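Data first, discussion second: the structure below is written as structure tokens.
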Amino acid sequence: MQAKQNSHKRMVLGRTGLEVNRLGFGGIPIQRVSEDEAIMTVLHAVSCGVDFIDTARAYTTSEQRIGRALQQTDKKVVLASKSQIRTADGIRREIETSLKNLQRDSIDLYQCHYVKNEEDYVQVTSSSGALQGLVRAREEGLIGHIGVTSHSLDMIERVIDDGLFDTVMVCFSFLEPAAAEKVIPKALKKNIGVIAMKPFSGGVLAKARLCLKYVLSHPGLLVIPGVESIALFDANWQVFQGSCRLDESEREEIESIRRQYDKKFCRRCDYCQPCSEEIPIQLILGMRYAIQRFGDAILQKDWMQAGIEHARRCSECGECMERCPYELPIPDMIRENIRWLDEDYRSGQRPVE
Ligand code: SF4
Ligand code: SF4
């Protein structure tokens, strides 16, 4: 299945000048399959024409598996990784680890991962912050370009205004369409590359045709669905081969799914914060899908365990609900997710719905 190299399928990622296919490869889910499956999936994607792969220090085995896969092909692939370390020295060490894992002398794009609020941003951009470490690494040729990823569109807007980063990575899907107006045009106007993550709304949606066509119908975006199998990749790639224009019946289908999820889906905007019990609300509301994507390993993370313990202390004060623009019944959703974890998932390992 070779890529048709027609122009609307290729793009230049903003001021990085990197030219890639608009459908890239998200490296989260390959953590949860066997190493052989992961490597085969990466190699298959690359052989079909994928030439942009995104991974992260936080994705356990993902970098190493991608590195091992790319040793087995001569195809040229643009590589992106990222780290949540906020200091210059710390991120330097992270880059060195990524280089080793990916078996490269240089990584094309290195991103500050999950910059969620002003405090994070101030830390990252301070004189001893991660951005300085990235700039130095770029001067030394260890990385090519510098990006940022965030779930907060307010944060992304701030990043675009300041113009310190070459790319931004945003959540974008038909259940989370706000970036289309709020940040994408602004970024593209400033020639900042835009990478769209979670086109399937973080695993909530499954229909490749609708999800990918919706995102790809917005020009200028690099879309990076995560896949862990050749079959899933092929389904996405097939959509990418066709027209990305949504027809009337597809638009209606999207509207119907939107209505179905309207009061059930957390858009990760964080407007509900702060919570008096320090509950990471979006993390808890998205917990089932996170387990689906990352596997059991995510439940071993300190921050996940702490988040779950805080969630058990929800006082049902309702303050978060007053701030949620989507009027989600947050305390009920928290309670149900904790119940699901304790009773359904932990006892019977029931598959995630
Ligand atoms: S209802 Fe629960 S989650 Fe919402 S603010 Fe109160 S304690 Fe926090
Ligand atoms: S619960 Fe509501 S306000 Fe909080 S992150 Fe989700 S969508 Fe945003």
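Chains: A, B, ... in order of the structure tokens. Residues: from 1 per chain. Ligands: from 1, in order shown.
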
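Taking only C-alpha atoms and all ligand atoms into account, the protein and nucleic acid residues that come at most 8 Å from ligand 2 are A:Phe265, A:Cys266, A:Arg267, A:Arg268, A:Cys269, A:Asp270, A:Tyr271, A:Cys272, A:Gln273, A:Ile281, A:Gln282, A:Leu285, A:Cys320, A:Met321, A:Arg323, A:Cys324, A:Pro325, A:Tyr326, A:Glu327, A:Leu328, A:Ile330.
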
Pick out the residues no farther than 9 Å from ligand 1, counting only C-alpha atoms and all ligand atoms, and list them as number ranges by chain.
A: 272-281, 310-311, 313-321, 330-332, 334

Record the distance separating atom CA of Pro185 of chain A and atom CA of Asp161 of chain A, expressed in Å with one decimal.
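These atoms are spaced 12.3 Å apart.
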
Shell around segment 9-19 of chain A at 10 Å using only C-alpha atoms, local window under 6 positions removed, as a VMD selection string:
chain A and resid 3 51 to 52 78 108 to 109 144 to 147 165 to 168 187 to 195 216 219 to 222 240 to 244

Pick out the residues sitting within 12 Å of Glu228 of chain A, and hand them over as a ChimeraX atom specification; count only C-alpha atoms, and ignore anything fewer than 2 positions along from it in its own chain.
/A:25-45,62,65-66,225-226,230-234,236,292-295

DSSP-assigned strand (DSSP E or B) members of segment 116-228 of chain A, reported as a list in words:
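Secondary structure check on segment 116-228 of chain A, strand (DSSP E or B): Gly129, Ile143, Gly144, His145, Ile146, Gly147, Val148, Thr149, Thr167, Val168, Met169, Val170, Cys171, Gly193, Val194, Ile195, Ala196, Met197, Leu221, Leu222, Val223 and Gly226 of chain A.
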
Could you pull out the helix (DSSP H, G or I) residues of segment 159-333 of chain A from DSSP and send them as a VMD selection string?
chain A and resid 159 to 162 179 to 182 184 to 189 208 to 216 230 to 241 248 to 261 281 to 285 287 to 294 296 to 300 302 to 311 319 to 323 330 to 333

Atom CA of Ile156 of chain A and atom CA of Gly307 of chain A, how far apart in Å?
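Pair atom CA of Gly307 of chain A / atom CA of Ile156 of chain A returns 24.3 Å.
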